Amino acid sequence: MDIKQIQDLIKFVSKSGVNEVSIEEQDFKITIKTNQEPTYVTASVPAVAPIAAAPVAQAAPVATPAAPAASADANLITVKSPMIGTFYRSAGPGKPSFVNIGDDINTGNVLCIVEAMKLFNEIESEVSGKIVKILVEDAQPVEYDQPLFLVEPK
């Protein structure tokens, strides 16, 4: 791991509410502890198409639907980023976007990719509905828990 990856990991741990993260490789071991109350997480973000073998702390659940959005339409669900990284709407340059405004989605559909520490993580929907708004531009950095999409549930 280089210093940038370690700094990103520290930022992720401090913002995620996780109490401790340990990563071990053949010749490298790092443990980051916080003085926060323990948070227990049971889901992880699936890793897809890694560019290089780099560890990533996968302590946040996949795109958790949040409380209703703070917009005029109170029945919208906000899909938030489960990690710090770079937001991508498609699998690569020139490829079609996973979702567009007006698309109907089902639970398990891939909404976007968030790249964290050279690992591309597919963010899947936990709700069925219709994409009303995309809140992030392609290739823009995102923070943990940052709103990504507004979904009108079915």
# chains A, B, ... in the order shown; residues from 1 in each chain; ligands from 1

call {"tool": "residues_around", "arguments": {"residues": "Gly108 in chain A", "least_positions_apart": "4", "cutoff": "10 Å", "atoms": "only C-alpha atoms", "output": "list in words"}}
result
Val62, Ile123, Glu124, Ser125, Glu126, Val127 and Ser128 of chain A

call {"tool": "residues_around", "arguments": {"residues": "range 133-139 of chain A", "least_positions_apart": "4", "cutoff": "9 Å", "atoms": "only C-alpha atoms", "output": "PyMOL selection string"}}
result
chain A and resi 86-90+100-102+147-151

call {"tool": "write_last_selection", "arguments": {"atoms": "C-alpha atoms", "output": "short mmCIF file (atom, residue, chain, number, x, y, z; two decimals), in the first residue's frame"}}
result
data_model
loop_
_atom_site.label_atom_id
_atom_site.label_comp_id
_atom_site.auth_asym_id
_atom_site.auth_seq_id
_atom_site.Cartn_x
_atom_site.Cartn_y
_atom_site.Cartn_z
CA THR A 86 -14.81 7.92 -7.71
CA PHE A 87 -18.34 7.60 -9.15
CA TYR A 88 -18.77 6.08 -12.62
CA ARG A 89 -22.10 5.78 -14.46
CA SER A 90 -20.84 3.07 -16.86
CA ASN A 100 -30.52 6.88 -16.74
CA ILE A 101 -33.24 9.21 -15.49
CA GLY A 102 -36.63 7.56 -16.04
CA PRO A 147 -26.48 10.92 -2.06
CA LEU A 148 -26.09 9.44 -5.55
CA PHE A 149 -29.62 8.83 -6.87
CA LEU A 150 -33.23 9.68 -6.08
CA VAL A 151 -35.58 6.75 -6.66
#

call {"tool": "atom_distance", "arguments": {"atom1": "CA of Ile77 in chain A", "atom2": "CA of Ser97 in chain A"}}
result
20.5 Å

call {"tool": "atom_distance", "arguments": {"atom1": "CA of Lys4 in chain A", "atom2": "CA of Ile32 in chain A"}}
result
14.9 Å

call {"tool": "atom_distance", "arguments": {"atom1": "CA of Asn75 in chain A", "atom2": "CA of Lys130 in chain A"}}
result
11.9 Å

call {"tool": "residues_around", "arguments": {"residues": "Val114 in chain A", "least_positions_apart": "2", "cutoff": "9 Å", "atoms": "only C-alpha atoms", "output": "ChimeraX atom specification"}}
result
/A:81-89,112,116,119-123,141-142

call {"tool": "decode", "arguments": {"residues": "range 101-130 of chain A", "atoms": "N, CA and C atoms", "output": "PDB file, in the first residue's frame"}}
result
ATOM      1  N   ILE A 101     -32.020   8.658 -16.068  1.00  0.00           N
ATOM      2  CA  ILE A 101     -33.241   9.214 -15.493  1.00  0.00           C
ATOM      3  C   ILE A 101     -34.440   8.619 -16.234  1.00  0.00           C
ATOM      4  N   GLY A 102     -35.424   8.166 -15.469  1.00  0.00           N
ATOM      5  CA  GLY A 102     -36.626   7.563 -16.039  1.00  0.00           C
ATOM      6  C   GLY A 102     -36.574   6.050 -16.133  1.00  0.00           C
ATOM      7  N   ASP A 103     -35.412   5.446 -15.929  1.00  0.00           N
ATOM      8  CA  ASP A 103     -35.289   3.987 -16.001  1.00  0.00           C
ATOM      9  C   ASP A 103     -35.969   3.327 -14.808  1.00  0.00           C
ATOM     10  N   ASP A 104     -36.627   2.199 -15.083  1.00  0.00           N
ATOM     11  CA  ASP A 104     -37.164   1.373 -14.009  1.00  0.00           C
ATOM     12  C   ASP A 104     -36.063   0.439 -13.536  1.00  0.00           C
ATOM     13  N   ILE A 105     -35.931   0.305 -12.216  1.00  0.00           N
ATOM     14  CA  ILE A 105     -34.906  -0.567 -11.643  1.00  0.00           C
ATOM     15  C   ILE A 105     -35.551  -1.555 -10.694  1.00  0.00           C
ATOM     16  N   ASN A 106     -34.870  -2.660 -10.481  1.00  0.00           N
ATOM     17  CA  ASN A 106     -35.311  -3.671  -9.532  1.00  0.00           C
ATOM     18  C   ASN A 106     -34.211  -3.890  -8.507  1.00  0.00           C
ATOM     19  N   THR A 107     -34.570  -4.498  -7.399  1.00  0.00           N
ATOM     20  CA  THR A 107     -33.584  -4.830  -6.381  1.00  0.00           C
ATOM     21  C   THR A 107     -32.492  -5.692  -7.014  1.00  0.00           C
ATOM     22  N   GLY A 108     -31.239  -5.322  -6.774  1.00  0.00           N
ATOM     23  CA  GLY A 108     -30.109  -6.068  -7.319  1.00  0.00           C
ATOM     24  C   GLY A 108     -29.538  -5.511  -8.597  1.00  0.00           C
ATOM     25  N   ASN A 109     -30.251  -4.567  -9.261  1.00  0.00           N
ATOM     26  CA  ASN A 109     -29.715  -3.945 -10.466  1.00  0.00           C
ATOM     27  C   ASN A 109     -28.487  -3.104 -10.117  1.00  0.00           C
ATOM     28  N   VAL A 110     -27.481  -3.147 -10.990  1.00  0.00           N
ATOM     29  CA  VAL A 110     -26.293  -2.312 -10.798  1.00  0.00           C
ATOM     30  C   VAL A 110     -26.658  -0.886 -11.198  1.00  0.00           C
ATOM     31  N   LEU A 111     -26.409   0.072 -10.298  1.00  0.00           N
ATOM     32  CA  LEU A 111     -26.720   1.476 -10.547  1.00  0.00           C
ATOM     33  C   LEU A 111     -25.501   2.250 -11.049  1.00  0.00           C
ATOM     34  N   CYS A 112     -24.321   1.897 -10.515  1.00  0.00           N
ATOM     35  CA  CYS A 112     -23.101   2.617 -10.857  1.00  0.00           C
ATOM     36  C   CYS A 112     -21.912   1.826 -10.335  1.00  0.00           C
ATOM     37  N   ILE A 113     -20.730   2.393 -10.523  1.00  0.00           N
ATOM     38  CA  ILE A 113     -19.506   1.824  -9.960  1.00  0.00           C
ATOM     39  C   ILE A 113     -18.857   2.916  -9.123  1.00  0.00           C
ATOM     40  N   VAL A 114     -18.351   2.549  -7.948  1.00  0.00           N
ATOM     41  CA  VAL A 114     -17.525   3.452  -7.153  1.00  0.00           C
ATOM     42  C   VAL A 114     -16.156   2.795  -7.045  1.00  0.00           C
ATOM     43  N   GLU A 115     -15.152   3.489  -7.598  1.00  0.00           N
ATOM     44  CA  GLU A 115     -13.790   2.975  -7.571  1.00  0.00           C
ATOM     45  C   GLU A 115     -13.105   3.491  -6.318  1.00  0.00           C
ATOM     46  N   ALA A 116     -12.607   2.560  -5.527  1.00  0.00           N
ATOM     47  CA  ALA A 116     -11.901   2.909  -4.301  1.00  0.00           C
ATOM     48  C   ALA A 116     -10.600   2.116  -4.265  1.00  0.00           C
ATOM     49  N   MET A 117      -9.492   2.818  -4.211  1.00  0.00           N
ATOM     50  CA  MET A 117      -8.174   2.191  -4.103  1.00  0.00           C
ATOM     51  C   MET A 117      -7.948   1.155  -5.206  1.00  0.00           C
ATOM     52  N   LYS A 118      -8.239   1.540  -6.440  1.00  0.00           N
ATOM     53  CA  LYS A 118      -8.023   0.722  -7.634  1.00  0.00           C
ATOM     54  C   LYS A 118      -8.902  -0.525  -7.676  1.00  0.00           C
ATOM     55  N   LEU A 119      -9.982  -0.526  -6.922  1.00  0.00           N
ATOM     56  CA  LEU A 119     -10.938  -1.618  -6.936  1.00  0.00           C
ATOM     57  C   LEU A 119     -12.285  -1.054  -7.374  1.00  0.00           C
ATOM     58  N   PHE A 120     -12.903  -1.661  -8.388  1.00  0.00           N
ATOM     59  CA  PHE A 120     -14.160  -1.171  -8.928  1.00  0.00           C
ATOM     60  C   PHE A 120     -15.305  -1.931  -8.266  1.00  0.00           C
ATOM     61  N   ASN A 121     -16.127  -1.209  -7.502  1.00  0.00           N
ATOM     62  CA  ASN A 121     -17.213  -1.802  -6.723  1.00  0.00           C
ATOM     63  C   ASN A 121     -18.555  -1.466  -7.352  1.00  0.00           C
ATOM     64  N   GLU A 122     -19.294  -2.484  -7.781  1.00  0.00           N
ATOM     65  CA  GLU A 122     -20.624  -2.262  -8.328  1.00  0.00           C
ATOM     66  C   GLU A 122     -21.567  -1.925  -7.179  1.00  0.00           C
ATOM     67  N   ILE A 123     -22.330  -0.853  -7.343  1.00  0.00           N
ATOM     68  CA  ILE A 123     -23.315  -0.461  -6.344  1.00  0.00           C
ATOM     69  C   ILE A 123     -24.667  -0.929  -6.851  1.00  0.00           C
ATOM     70  N   GLU A 124     -25.278  -1.832  -6.104  1.00  0.00           N
ATOM     71  CA  GLU A 124     -26.547  -2.429  -6.504  1.00  0.00           C
ATOM     72  C   GLU A 124     -27.697  -1.777  -5.758  1.00  0.00           C
ATOM     73  N   SER A 125     -28.847  -1.749  -6.393  1.00  0.00           N
ATOM     74  CA  SER A 125     -30.038  -1.165  -5.799  1.00  0.00           C
ATOM     75  C   SER A 125     -30.631  -2.113  -4.761  1.00  0.00           C
ATOM     76  N   GLU A 126     -31.057  -1.548  -3.662  1.00  0.00           N
ATOM     77  CA  GLU A 126     -31.772  -2.333  -2.663  1.00  0.00           C
ATOM     78  C   GLU A 126     -33.268  -2.065  -2.710  1.00  0.00           C
ATOM     79  N   VAL A 127     -33.695  -1.262  -3.696  1.00  0.00           N
ATOM     80  CA  VAL A 127     -35.116  -0.943  -3.849  1.00  0.00           C
ATOM     81  C   VAL A 127     -35.505  -1.099  -5.317  1.00  0.00           C
ATOM     82  N   SER A 128     -36.788  -1.303  -5.533  1.00  0.00           N
ATOM     83  CA  SER A 128     -37.329  -1.299  -6.891  1.00  0.00           C
ATOM     84  C   SER A 128     -38.037   0.026  -7.088  1.00  0.00           C
ATOM     85  N   GLY A 129     -37.947   0.557  -8.294  1.00  0.00           N
ATOM     86  CA  GLY A 129     -38.597   1.831  -8.557  1.00  0.00           C
ATOM     87  C   GLY A 129     -38.118   2.446  -9.848  1.00  0.00           C
ATOM     88  N   LYS A 130     -38.174   3.775  -9.884  1.00  0.00           N
ATOM     89  CA  LYS A 130     -37.832   4.540 -11.083  1.00  0.00           C
ATOM     90  C   LYS A 130     -36.799   5.598 -10.711  1.00  0.00           C
TER      91      LYS A 130
END
